[in-house]
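**Student:** Supplied structure: final-v8.cif, mmCIF, N, CA and C atoms.
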data_my_file
#
loop_
_atom_site.group_PDB
_atom_site.id
_atom_site.type_symbol
_atom_site.label_atom_id
_atom_site.label_comp_id
_atom_site.auth_asym_id
_atom_site.auth_seq_id
_atom_site.Cartn_x
_atom_site.Cartn_y
_atom_site.Cartn_z
ATOM 1 N N MET A 1 -33.882 -10.565 11.854
ATOM 2 C CA MET A 1 -32.672 -9.759 11.827
ATOM 3 C C MET A 1 -32.338 -9.437 10.374
ATOM 4 N N GLU A 2 -32.051 -8.163 10.111
ATOM 5 C CA GLU A 2 -31.726 -7.712 8.762
ATOM 6 C C GLU A 2 -30.247 -7.938 8.481
ATOM 7 N N GLN A 3 -29.963 -8.454 7.283
ATOM 8 C CA GLN A 3 -28.582 -8.747 6.905
ATOM 9 C C GLN A 3 -27.985 -7.574 6.139
ATOM 10 N N GLU A 4 -26.738 -7.223 6.470
ATOM 11 C CA GLU A 4 -26.047 -6.115 5.813
ATOM 12 C C GLU A 4 -25.550 -6.557 4.447
ATOM 13 N N THR A 5 -25.676 -5.693 3.460
ATOM 14 C CA THR A 5 -25.194 -5.969 2.113
ATOM 15 C C THR A 5 -23.745 -5.503 1.987
ATOM 16 N N VAL A 6 -22.938 -6.349 1.380
ATOM 17 C CA VAL A 6 -21.538 -6.017 1.138
ATOM 18 C C VAL A 6 -21.326 -5.938 -0.369
ATOM 19 N N ASP A 7 -20.761 -4.816 -0.830
ATOM 20 C CA ASP A 7 -20.513 -4.631 -2.263
ATOM 21 C C ASP A 7 -19.248 -5.335 -2.735
ATOM 22 N N VAL A 8 -18.193 -5.293 -1.905
ATOM 23 C CA VAL A 8 -16.892 -5.834 -2.301
ATOM 24 C C VAL A 8 -16.303 -6.642 -1.153
ATOM 25 N N ILE A 9 -15.811 -7.832 -1.472
ATOM 26 C CA ILE A 9 -15.083 -8.652 -0.511
ATOM 27 C C ILE A 9 -13.603 -8.567 -0.872
ATOM 28 N N ILE A 10 -12.778 -8.182 0.078
ATOM 29 C CA ILE A 10 -11.336 -8.047 -0.142
ATOM 30 C C ILE A 10 -10.649 -9.181 0.603
ATOM 31 N N VAL A 11 -9.841 -9.935 -0.106
ATOM 32 C CA VAL A 11 -9.127 -11.063 0.499
ATOM 33 C C VAL A 11 -7.715 -10.593 0.844
ATOM 34 N N GLY A 12 -7.435 -10.540 2.128
ATOM 35 C CA GLY A 12 -6.114 -10.126 2.594
ATOM 36 C C GLY A 12 -6.169 -8.780 3.291
ATOM 37 N N GLY A 13 -5.799 -8.771 4.566
ATOM 38 C CA GLY A 13 -5.837 -7.552 5.355
ATOM 39 C C GLY A 13 -4.488 -6.890 5.524
ATOM 40 N N GLY A 14 -3.610 -7.093 4.550
ATOM 41 C CA GLY A 14 -2.312 -6.412 4.590
ATOM 42 C C GLY A 14 -2.462 -4.959 4.157
ATOM 43 N N PRO A 15 -1.352 -4.291 3.910
ATOM 44 C CA PRO A 15 -1.405 -2.876 3.528
ATOM 45 C C PRO A 15 -2.243 -2.611 2.271
ATOM 46 N N THR A 16 -2.131 -3.469 1.267
ATOM 47 C CA THR A 16 -2.869 -3.252 0.021
ATOM 48 C C THR A 16 -4.366 -3.434 0.228
ATOM 49 N N GLY A 17 -4.763 -4.527 0.886
ATOM 50 C CA GLY A 17 -6.176 -4.774 1.126
ATOM 51 C C GLY A 17 -6.815 -3.718 2.003
ATOM 52 N N THR A 18 -6.099 -3.307 3.031
ATOM 53 C CA THR A 18 -6.619 -2.301 3.951
ATOM 54 C C THR A 18 -6.767 -0.947 3.260
ATOM 55 N N MET A 19 -5.775 -0.571 2.455
ATOM 56 C CA MET A 19 -5.853 0.704 1.735
ATOM 57 C C MET A 19 -6.971 0.669 0.694
ATOM 58 N N LEU A 20 -7.136 -0.467 0.011
ATOM 59 C CA LEU A 20 -8.220 -0.605 -0.961
ATOM 60 C C LEU A 20 -9.569 -0.430 -0.276
ATOM 61 N N ALA A 21 -9.763 -1.077 0.859
ATOM 62 C CA ALA A 21 -11.024 -0.934 1.592
ATOM 63 C C ALA A 21 -11.258 0.520 1.991
ATOM 64 N N SER A 22 -10.219 1.190 2.431
ATOM 65 C CA SER A 22 -10.334 2.602 2.819
ATOM 66 C C SER A 22 -10.739 3.471 1.637
ATOM 67 N N GLU A 23 -10.106 3.253 0.501
ATOM 68 C CA GLU A 23 -10.423 4.031 -0.694
ATOM 69 C C GLU A 23 -11.861 3.782 -1.152
ATOM 70 N N LEU A 24 -12.286 2.519 -1.132
ATOM 71 C CA LEU A 24 -13.652 2.199 -1.542
ATOM 72 C C LEU A 24 -14.678 2.829 -0.605
ATOM 73 N N ARG A 25 -14.402 2.826 0.705
ATOM 74 C CA ARG A 25 -15.330 3.433 1.663
ATOM 75 C C ARG A 25 -15.475 4.928 1.434
ATOM 76 N N LEU A 26 -14.425 5.589 0.940
ATOM 77 C CA LEU A 26 -14.518 7.014 0.619
ATOM 78 C C LEU A 26 -15.531 7.267 -0.490
ATOM 79 N N HIS A 27 -15.850 6.215 -1.252
ATOM 80 C CA HIS A 27 -16.831 6.311 -2.341
ATOM 81 C C HIS A 27 -18.124 5.573 -1.990
ATOM 82 N N ASP A 28 -18.360 5.410 -0.699
ATOM 83 C CA ASP A 28 -19.588 4.767 -0.184
ATOM 84 C C ASP A 28 -19.792 3.342 -0.686
ATOM 85 N N VAL A 29 -18.700 2.621 -0.910
ATOM 86 C CA VAL A 29 -18.778 1.209 -1.290
ATOM 87 C C VAL A 29 -18.599 0.379 -0.019
ATOM 88 N N SER A 30 -19.559 -0.485 0.255
ATOM 89 C CA SER A 30 -19.507 -1.340 1.432
ATOM 90 C C SER A 30 -18.490 -2.456 1.212
ATOM 91 N N THR A 31 -17.563 -2.620 2.159
ATOM 92 C CA THR A 31 -16.509 -3.623 2.001
ATOM 93 C C THR A 31 -16.408 -4.503 3.242
ATOM 94 N N VAL A 32 -15.834 -5.672 3.040
ATOM 95 C CA VAL A 32 -15.439 -6.533 4.148
ATOM 96 C C VAL A 32 -14.080 -7.131 3.766
ATOM 97 N N ILE A 33 -13.187 -7.206 4.746
ATOM 98 C CA ILE A 33 -11.857 -7.781 4.514
ATOM 99 C C ILE A 33 -11.808 -9.158 5.164
ATOM 100 N N LEU A 34 -11.394 -10.149 4.395
ATOM 101 C CA LEU A 34 -11.193 -11.498 4.917
ATOM 102 C C LEU A 34 -9.696 -11.732 5.079
ATOM 103 N N GLU A 35 -9.283 -12.091 6.276
ATOM 104 C CA GLU A 35 -7.865 -12.335 6.563
ATOM 105 C C GLU A 35 -7.751 -13.696 7.241
ATOM 106 N N ARG A 36 -6.896 -14.550 6.723
ATOM 107 C CA ARG A 36 -6.761 -15.891 7.295
ATOM 108 C C ARG A 36 -5.949 -15.917 8.582
ATOM 109 N N ASP A 37 -5.025 -14.977 8.745
ATOM 110 C CA ASP A 37 -4.174 -14.961 9.929
ATOM 111 C C ASP A 37 -4.884 -14.265 11.093
ATOM 112 N N ALA A 38 -4.831 -14.872 12.260
ATOM 113 C CA ALA A 38 -5.470 -14.305 13.443
ATOM 114 C C ALA A 38 -4.677 -13.122 14.010
ATOM 115 N N GLU A 39 -3.367 -13.070 13.693
ATOM 116 C CA GLU A 39 -2.522 -11.968 14.166
ATOM 117 C C GLU A 39 -1.429 -11.717 13.132
ATOM 118 N N PRO A 40 -0.777 -10.561 13.214
ATOM 119 C CA PRO A 40 0.276 -10.249 12.231
ATOM 120 C C PRO A 40 1.397 -11.284 12.250
ATOM 121 N N THR A 41 1.984 -11.538 11.084
ATOM 122 C CA THR A 41 3.090 -12.473 10.969
ATOM 123 C C THR A 41 4.354 -11.877 11.600
ATOM 124 N N PRO A 42 5.190 -12.704 12.221
ATOM 125 C CA PRO A 42 6.451 -12.187 12.755
ATOM 126 C C PRO A 42 7.507 -12.007 11.652
ATOM 127 N N LEU A 43 7.224 -12.489 10.448
ATOM 128 C CA LEU A 43 8.168 -12.389 9.334
ATOM 129 C C LEU A 43 8.063 -11.043 8.633
ATOM 130 N N ILE A 44 9.171 -10.532 8.180
ATOM 131 C CA ILE A 44 9.179 -9.293 7.403
ATOM 132 C C ILE A 44 8.879 -9.646 5.951
ATOM 133 N N ARG A 45 7.803 -9.103 5.414
ATOM 134 C CA ARG A 45 7.426 -9.413 4.040
ATOM 135 C C ARG A 45 7.650 -8.226 3.105
ATOM 136 N N SER A 46 7.973 -7.098 3.654
ATOM 137 C CA SER A 46 8.249 -5.924 2.843
ATOM 138 C C SER A 46 9.112 -4.981 3.663
ATOM 139 N N LEU A 47 10.012 -4.314 2.994
ATOM 140 C CA LEU A 47 10.905 -3.398 3.701
ATOM 141 C C LEU A 47 10.683 -1.943 3.339
ATOM 142 N N GLY A 48 9.766 -1.689 2.406
ATOM 143 C CA GLY A 48 9.581 -0.306 2.020
ATOM 144 C C GLY A 48 8.393 -0.087 1.122
ATOM 145 N N LEU A 49 8.201 1.171 0.769
ATOM 146 C CA LEU A 49 7.103 1.595 -0.092
ATOM 147 C C LEU A 49 7.664 2.179 -1.382
ATOM 148 N N HIS A 50 6.998 1.897 -2.473
ATOM 149 C CA HIS A 50 7.422 2.383 -3.779
ATOM 150 C C HIS A 50 6.639 3.632 -4.179
ATOM 151 N N ALA A 51 7.019 4.234 -5.289
ATOM 152 C CA ALA A 51 6.495 5.534 -5.709
ATOM 153 C C ALA A 51 4.969 5.617 -5.711
ATOM 154 N N ARG A 52 4.285 4.657 -6.308
ATOM 155 C CA ARG A 52 2.826 4.759 -6.395
ATOM 156 C C ARG A 52 2.172 4.681 -5.017
ATOM 157 N N SER A 53 2.676 3.839 -4.146
ATOM 158 C CA SER A 53 2.148 3.777 -2.779
ATOM 159 C C SER A 53 2.363 5.105 -2.060
ATOM 160 N N LEU A 54 3.527 5.698 -2.250
ATOM 161 C CA LEU A 54 3.821 6.989 -1.634
ATOM 162 C C LEU A 54 2.903 8.078 -2.174
ATOM 163 N N GLU A 55 2.609 8.043 -3.477
ATOM 164 C CA GLU A 55 1.695 9.021 -4.068
ATOM 165 C C GLU A 55 0.303 8.930 -3.449
ATOM 166 N N ILE A 56 -0.184 7.715 -3.255
ATOM 167 C CA ILE A 56 -1.521 7.523 -2.677
ATOM 168 C C ILE A 56 -1.551 7.993 -1.226
ATOM 169 N N LEU A 57 -0.521 7.658 -0.465
ATOM 170 C CA LEU A 57 -0.455 8.141 0.915
ATOM 171 C C LEU A 57 -0.414 9.661 0.961
ATOM 172 N N ASP A 58 0.303 10.270 0.026
ATOM 173 C CA ASP A 58 0.386 11.727 -0.056
ATOM 174 C C ASP A 58 -0.977 12.328 -0.389
ATOM 175 N N GLN A 59 -1.702 11.731 -1.329
ATOM 176 C CA GLN A 59 -3.036 12.225 -1.699
ATOM 177 C C GLN A 59 -3.994 12.223 -0.515
ATOM 178 N N ARG A 60 -3.816 11.295 0.396
ATOM 179 C CA ARG A 60 -4.709 11.167 1.552
ATOM 180 C C ARG A 60 -4.176 11.883 2.790
ATOM 181 N N GLY A 61 -3.044 12.598 2.654
ATOM 182 C CA GLY A 61 -2.505 13.344 3.784
ATOM 183 C C GLY A 61 -1.836 12.477 4.839
ATOM 184 N N LEU A 62 -1.398 11.276 4.446
ATOM 185 C CA LEU A 62 -0.805 10.342 5.396
ATOM 186 C C LEU A 62 0.705 10.194 5.246
ATOM 187 N N LEU A 63 1.283 10.789 4.232
ATOM 188 C CA LEU A 63 2.684 10.519 3.897
ATOM 189 C C LEU A 63 3.674 11.021 4.943
ATOM 190 N N ASP A 64 3.432 12.169 5.540
ATOM 191 C CA ASP A 64 4.419 12.767 6.452
ATOM 192 C C ASP A 64 4.833 11.831 7.580
ATOM 193 N N ARG A 65 3.894 11.093 8.137
ATOM 194 C CA ARG A 65 4.247 10.193 9.253
ATOM 195 C C ARG A 65 5.134 9.041 8.786
ATOM 196 N N PHE A 66 4.974 8.619 7.509
ATOM 197 C CA PHE A 66 5.832 7.571 6.960
ATOM 198 C C PHE A 66 7.217 8.127 6.644
ATOM 199 N N LEU A 67 7.268 9.337 6.083
ATOM 200 C CA LEU A 67 8.561 9.963 5.784
ATOM 201 C C LEU A 67 9.378 10.157 7.055
ATOM 202 N N ALA A 68 8.718 10.514 8.152
ATOM 203 C CA ALA A 68 9.413 10.728 9.420
ATOM 204 C C ALA A 68 10.021 9.435 9.951
ATOM 205 N N ALA A 69 9.409 8.303 9.630
ATOM 206 C CA ALA A 69 9.878 7.019 10.158
ATOM 207 C C ALA A 69 10.817 6.280 9.212
ATOM 208 N N GLY A 70 10.920 6.754 7.962
ATOM 209 C CA GLY A 70 11.669 5.989 6.963
ATOM 210 C C GLY A 70 12.892 6.699 6.421
ATOM 211 N N THR A 71 13.532 6.029 5.467
ATOM 212 C CA THR A 71 14.702 6.549 4.775
ATOM 213 C C THR A 71 14.471 6.420 3.278
ATOM 214 N N SER A 72 14.735 7.486 2.527
ATOM 215 C CA SER A 72 14.560 7.468 1.075
ATOM 216 C C SER A 72 15.764 6.850 0.386
ATOM 217 N N TYR A 73 15.485 5.993 -0.602
ATOM 218 C CA TYR A 73 16.535 5.352 -1.391
ATOM 219 C C TYR A 73 16.238 5.563 -2.868
ATOM 220 N N PRO A 74 17.263 5.765 -3.693
ATOM 221 C CA PRO A 74 17.026 5.911 -5.134
ATOM 222 C C PRO A 74 16.446 4.628 -5.721
ATOM 223 N N VAL A 75 15.730 4.761 -6.816
ATOM 224 C CA VAL A 75 15.126 3.600 -7.478
ATOM 225 C C VAL A 75 16.224 2.871 -8.240
ATOM 226 N N THR A 76 16.760 1.815 -7.622
ATOM 227 C CA THR A 76 17.792 0.980 -8.241
ATOM 228 C C THR A 76 17.591 -0.442 -7.750
ATOM 229 N N GLY A 77 18.432 -1.344 -8.192
ATOM 230 C CA GLY A 77 18.373 -2.695 -7.651
ATOM 231 C C GLY A 77 18.338 -3.757 -8.724
ATOM 232 N N SER A 78 18.241 -4.997 -8.252
ATOM 233 C CA SER A 78 18.190 -6.132 -9.165
ATOM 234 C C SER A 78 17.309 -7.206 -8.557
ATOM 235 N N PHE A 79 16.934 -8.170 -9.371
ATOM 236 C CA PHE A 79 16.113 -9.286 -8.927
ATOM 237 C C PHE A 79 16.623 -10.531 -9.616
ATOM 238 N N ALA A 80 16.847 -11.583 -8.873
ATOM 239 C CA ALA A 80 17.299 -12.873 -9.407
ATOM 240 C C ALA A 80 18.586 -12.734 -10.208
ATOM 241 N N GLY A 81 19.459 -11.832 -9.775
ATOM 242 C CA GLY A 81 20.739 -11.656 -10.452
ATOM 243 C C GLY A 81 20.657 -10.850 -11.739
ATOM 244 N N LEU A 82 19.461 -10.356 -12.086
ATOM 245 C CA LEU A 82 19.276 -9.560 -13.301
ATOM 246 C C LEU A 82 19.181 -8.092 -12.926
ATOM 247 N N THR A 83 19.873 -7.250 -13.656
ATOM 248 C CA THR A 83 19.770 -5.818 -13.440
ATOM 249 C C THR A 83 18.876 -5.249 -14.533
ATOM 250 N N PRO A 84 17.650 -4.894 -14.185
ATOM 251 C CA PRO A 84 16.723 -4.376 -15.196
ATOM 252 C C PRO A 84 17.092 -2.970 -15.618
ATOM 253 N N SER A 85 16.693 -2.604 -16.822
ATOM 254 C CA SER A 85 16.895 -1.222 -17.247
ATOM 255 C C SER A 85 15.884 -0.362 -16.509
ATOM 256 N N ARG A 86 16.296 0.755 -16.050
ATOM 257 C CA ARG A 86 15.448 1.672 -15.290
ATOM 258 C C ARG A 86 15.276 2.972 -16.065
ATOM 259 N N PRO A 87 14.143 3.612 -15.892
ATOM 260 C CA PRO A 87 13.994 4.932 -16.515
ATOM 261 C C PRO A 87 14.965 5.918 -15.869
ATOM 262 N N VAL A 88 15.423 6.870 -16.654
ATOM 263 C CA VAL A 88 16.342 7.878 -16.130
ATOM 264 C C VAL A 88 15.660 8.665 -15.013
ATOM 265 N N THR A 89 14.404 9.024 -15.230
ATOM 266 C CA THR A 89 13.622 9.699 -14.195
ATOM 267 C C THR A 89 12.247 9.057 -14.131
ATOM 268 N N LEU A 90 11.680 9.070 -12.985
ATOM 269 C CA LEU A 90 10.326 8.589 -12.786
ATOM 270 C C LEU A 90 9.410 9.797 -12.757
ATOM 271 N N ASP A 91 8.270 9.718 -13.428
ATOM 272 C CA ASP A 91 7.329 10.831 -13.465
ATOM 273 C C ASP A 91 6.498 10.807 -12.177
ATOM 274 N N SER A 92 7.127 11.203 -11.086
ATOM 275 C CA SER A 92 6.477 11.166 -9.788
ATOM 276 C C SER A 92 7.134 12.184 -8.871
ATOM 277 N N ALA A 93 6.349 12.748 -7.989
ATOM 278 C CA ALA A 93 6.911 13.619 -6.954
ATOM 279 C C ALA A 93 7.667 12.795 -5.922
ATOM 280 N N HIS A 94 7.478 11.460 -6.006
ATOM 281 C CA HIS A 94 8.096 10.552 -5.046
ATOM 282 C C HIS A 94 8.847 9.466 -5.793
ATOM 283 N N ALA A 95 9.854 9.869 -6.546
ATOM 284 C CA ALA A 95 10.629 8.945 -7.383
ATOM 285 C C ALA A 95 11.734 8.276 -6.572
ATOM 286 N N TYR A 96 11.337 7.558 -5.548
ATOM 287 C CA TYR A 96 12.287 6.873 -4.672
ATOM 288 C C TYR A 96 11.548 5.749 -3.958
ATOM 289 N N THR A 97 12.301 4.888 -3.301
ATOM 290 C CA THR A 97 11.728 3.881 -2.420
ATOM 291 C C THR A 97 11.912 4.362 -0.999
ATOM 292 N N LEU A 98 10.881 4.230 -0.195
ATOM 293 C CA LEU A 98 10.979 4.640 1.198
ATOM 294 C C LEU A 98 11.150 3.399 2.061
ATOM 295 N N GLY A 99 12.341 3.237 2.613
ATOM 296 C CA GLY A 99 12.614 2.100 3.491
ATOM 297 C C GLY A 99 12.078 2.366 4.880
ATOM 298 N N LEU A 100 11.432 1.364 5.442
ATOM 299 C CA LEU A 100 10.853 1.531 6.792
ATOM 300 C C LEU A 100 11.434 0.500 7.739
#
Show the structure stored in the file as structure tokens.

**Tutor:**
Amino acid sequence: MEQETVDVIIVGGGPTGTMLASELRLHDVSTVILERDAEPTPLIRSLGLHARSLEILDQRGLLDRFLAAGTSYPVTGSFAGLTPSRPVTLDSAHAYTLGL
């Protein structure tokens, strides 16, 4: 039996790992995704998509279905009680967070 060659091993089958595998396959790179969980977690680990993720979805023609299901929010917020300085404008066609 002949064994298949894998160019890249991706650890984690979440949105980032799955999108990375998809992008690599578009360039004929053989991938395999390793995921420790047998099924999706019932916990919410993310509530939205940020500008760069939205740009990539837009480049691949996938953004419209996410926009239809989500709500756009301005880029603001804080973490650990700290309010970071934010750029006045983001250099993106999608300078917002998309809540899903």

**Student:** Residue by residue, what does the PyMOL selection byres ((chain A and resi 42-48) around 7) grab here? Present the result as a PyMOL selection string.

**Tutor:** chain A and resi 39-41+49-50+97-100

**Student:** Any idea what the distance is between atom CA of Gly13 of chain A and atom CA of Arg25 of chain A?

**Tutor:**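 Atom-to-atom, atom CA of Gly13 of chain A to atom CA of Arg25 of chain A, that is 15.0 Å.
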
**Student:** Given all atoms listed in the file as the basis, pick out the residue of A:Ser22, A:Gly14, A:Glu35, A:Tyr96 nearest to Thr71 of chain A.

**Tutor:**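 Looking at the shortest contact to Thr71 of chain A, the residue is A:Tyr96.
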
**Student:** Name the residues that the PyMOL selection byres (((chain A and resi 12 and name CA) around 8) and name CA) pulls out of this structure, and write them as a ChimeraX atom specification.

**Tutor:** /A:10-11,13-14,17-18,33-36

**Student:** Grab the atom C of Leu57 of chain A to atom C of His94 of chain A distance for me, in Å with one decimal place.

**Tutor:**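 Those two atoms sit 11.5 Å apart.
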
**Student:** Restricting the calculation to only N, CA and C atoms: of A:Ala69, A:Ala95, A:Leu24, A:Val6, which residue gets closest to Ala51 of chain A?

**Tutor:**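 Result for the nearest residue to Ala51 of chain A: A:Ala95.
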
**Student:** Here is a test: counting only C-alpha atoms, which residue of A:Leu90, A:His27, A:Asp7, A:Met19 is nearest to Leu62 of chain A?

**Tutor:** A:Met19

**Student:** Please return, as a PyMOL selection string, all residues of chain A that DSSP assigns to alpha helix (DSSP H) on the basis of the backbone.

**Tutor:** chain A and resi 15-25+51-59+63-69

**Student:** Only N, CA, C and O atoms, please: segment 18-38 of chain A from the block, as a compact mmCIF listing (two decimals), in the first residue's frame.

**Tutor:**
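The resulting file, part.txt, is reproduced below:
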# COMPACT_ATOMS: atom_id res chain seq x y z
N THR A 18 -8.81 25.51 9.83
CA THR A 18 -9.57 25.10 8.65
C THR A 18 -9.33 26.06 7.48
O THR A 18 -9.15 25.63 6.34
N MET A 19 -9.32 27.36 7.76
CA MET A 19 -9.08 28.34 6.70
C MET A 19 -7.65 28.22 6.17
O MET A 19 -7.42 28.32 4.97
N LEU A 20 -6.69 27.99 7.07
CA LEU A 20 -5.30 27.80 6.64
C LEU A 20 -5.19 26.60 5.71
O LEU A 20 -4.56 26.68 4.65
N ALA A 21 -5.81 25.49 6.07
CA ALA A 21 -5.77 24.31 5.22
C ALA A 21 -6.39 24.60 3.85
O ALA A 21 -5.86 24.19 2.82
N SER A 22 -7.49 25.33 3.85
CA SER A 22 -8.15 25.68 2.59
C SER A 22 -7.25 26.54 1.71
O SER A 22 -7.14 26.32 0.50
N GLU A 23 -6.61 27.53 2.30
CA GLU A 23 -5.72 28.40 1.55
C GLU A 23 -4.52 27.63 0.99
O GLU A 23 -4.13 27.83 -0.16
N LEU A 24 -3.95 26.75 1.80
CA LEU A 24 -2.81 25.96 1.34
C LEU A 24 -3.20 25.03 0.19
O LEU A 24 -2.45 24.86 -0.77
N ARG A 25 -4.39 24.42 0.27
CA ARG A 25 -4.85 23.53 -0.80
C ARG A 25 -5.03 24.28 -2.11
O ARG A 25 -4.85 23.71 -3.18
N LEU A 26 -5.38 25.57 -2.05
CA LEU A 26 -5.49 26.37 -3.27
C LEU A 26 -4.15 26.50 -3.97
O LEU A 26 -4.09 26.82 -5.16
N HIS A 27 -3.07 26.25 -3.23
CA HIS A 27 -1.71 26.32 -3.79
C HIS A 27 -1.09 24.92 -3.91
O HIS A 27 0.12 24.77 -3.93
N ASP A 28 -1.95 23.92 -3.98
CA ASP A 28 -1.53 22.51 -4.16
C ASP A 28 -0.61 22.01 -3.06
O ASP A 28 0.27 21.19 -3.31
N VAL A 29 -0.79 22.51 -1.84
CA VAL A 29 -0.03 22.02 -0.69
C VAL A 29 -0.90 20.98 0.03
O VAL A 29 -2.03 21.26 0.41
N SER A 30 -0.36 19.79 0.20
CA SER A 30 -1.07 18.72 0.87
C SER A 30 -1.10 18.98 2.38
O SER A 30 -0.07 19.24 2.99
N THR A 31 -2.30 18.94 2.97
CA THR A 31 -2.43 19.24 4.40
C THR A 31 -3.22 18.15 5.11
O THR A 31 -3.98 17.40 4.50
N VAL A 32 -3.01 18.09 6.41
CA VAL A 32 -3.85 17.28 7.28
C VAL A 32 -4.09 18.10 8.55
O VAL A 32 -3.20 18.81 9.01
N ILE A 33 -5.31 18.06 9.05
CA ILE A 33 -5.66 18.79 10.28
C ILE A 33 -5.80 17.78 11.41
O ILE A 33 -6.52 16.79 11.29
N LEU A 34 -5.11 18.04 12.51
CA LEU A 34 -5.24 17.22 13.71
C LEU A 34 -6.08 17.98 14.73
O LEU A 34 -5.77 19.11 15.07
N GLU A 35 -7.15 17.37 15.18
CA GLU A 35 -8.05 18.00 16.15
C GLU A 35 -8.26 17.02 17.31
O GLU A 35 -8.60 15.87 17.09
N ARG A 36 -8.04 17.48 18.52
CA ARG A 36 -8.17 16.60 19.68
C ARG A 36 -9.62 16.34 20.08
O ARG A 36 -9.94 15.32 20.66
N ASP A 37 -10.51 17.28 19.80
CA ASP A 37 -11.91 17.13 20.19
C ASP A 37 -12.67 16.31 19.15
O ASP A 37 -12.56 16.55 17.95
N ALA A 38 -13.45 15.35 19.61
CA ALA A 38 -14.23 14.50 18.72
C ALA A 38 -15.44 15.23 18.14
O ALA A 38 -15.97 14.87 17.10
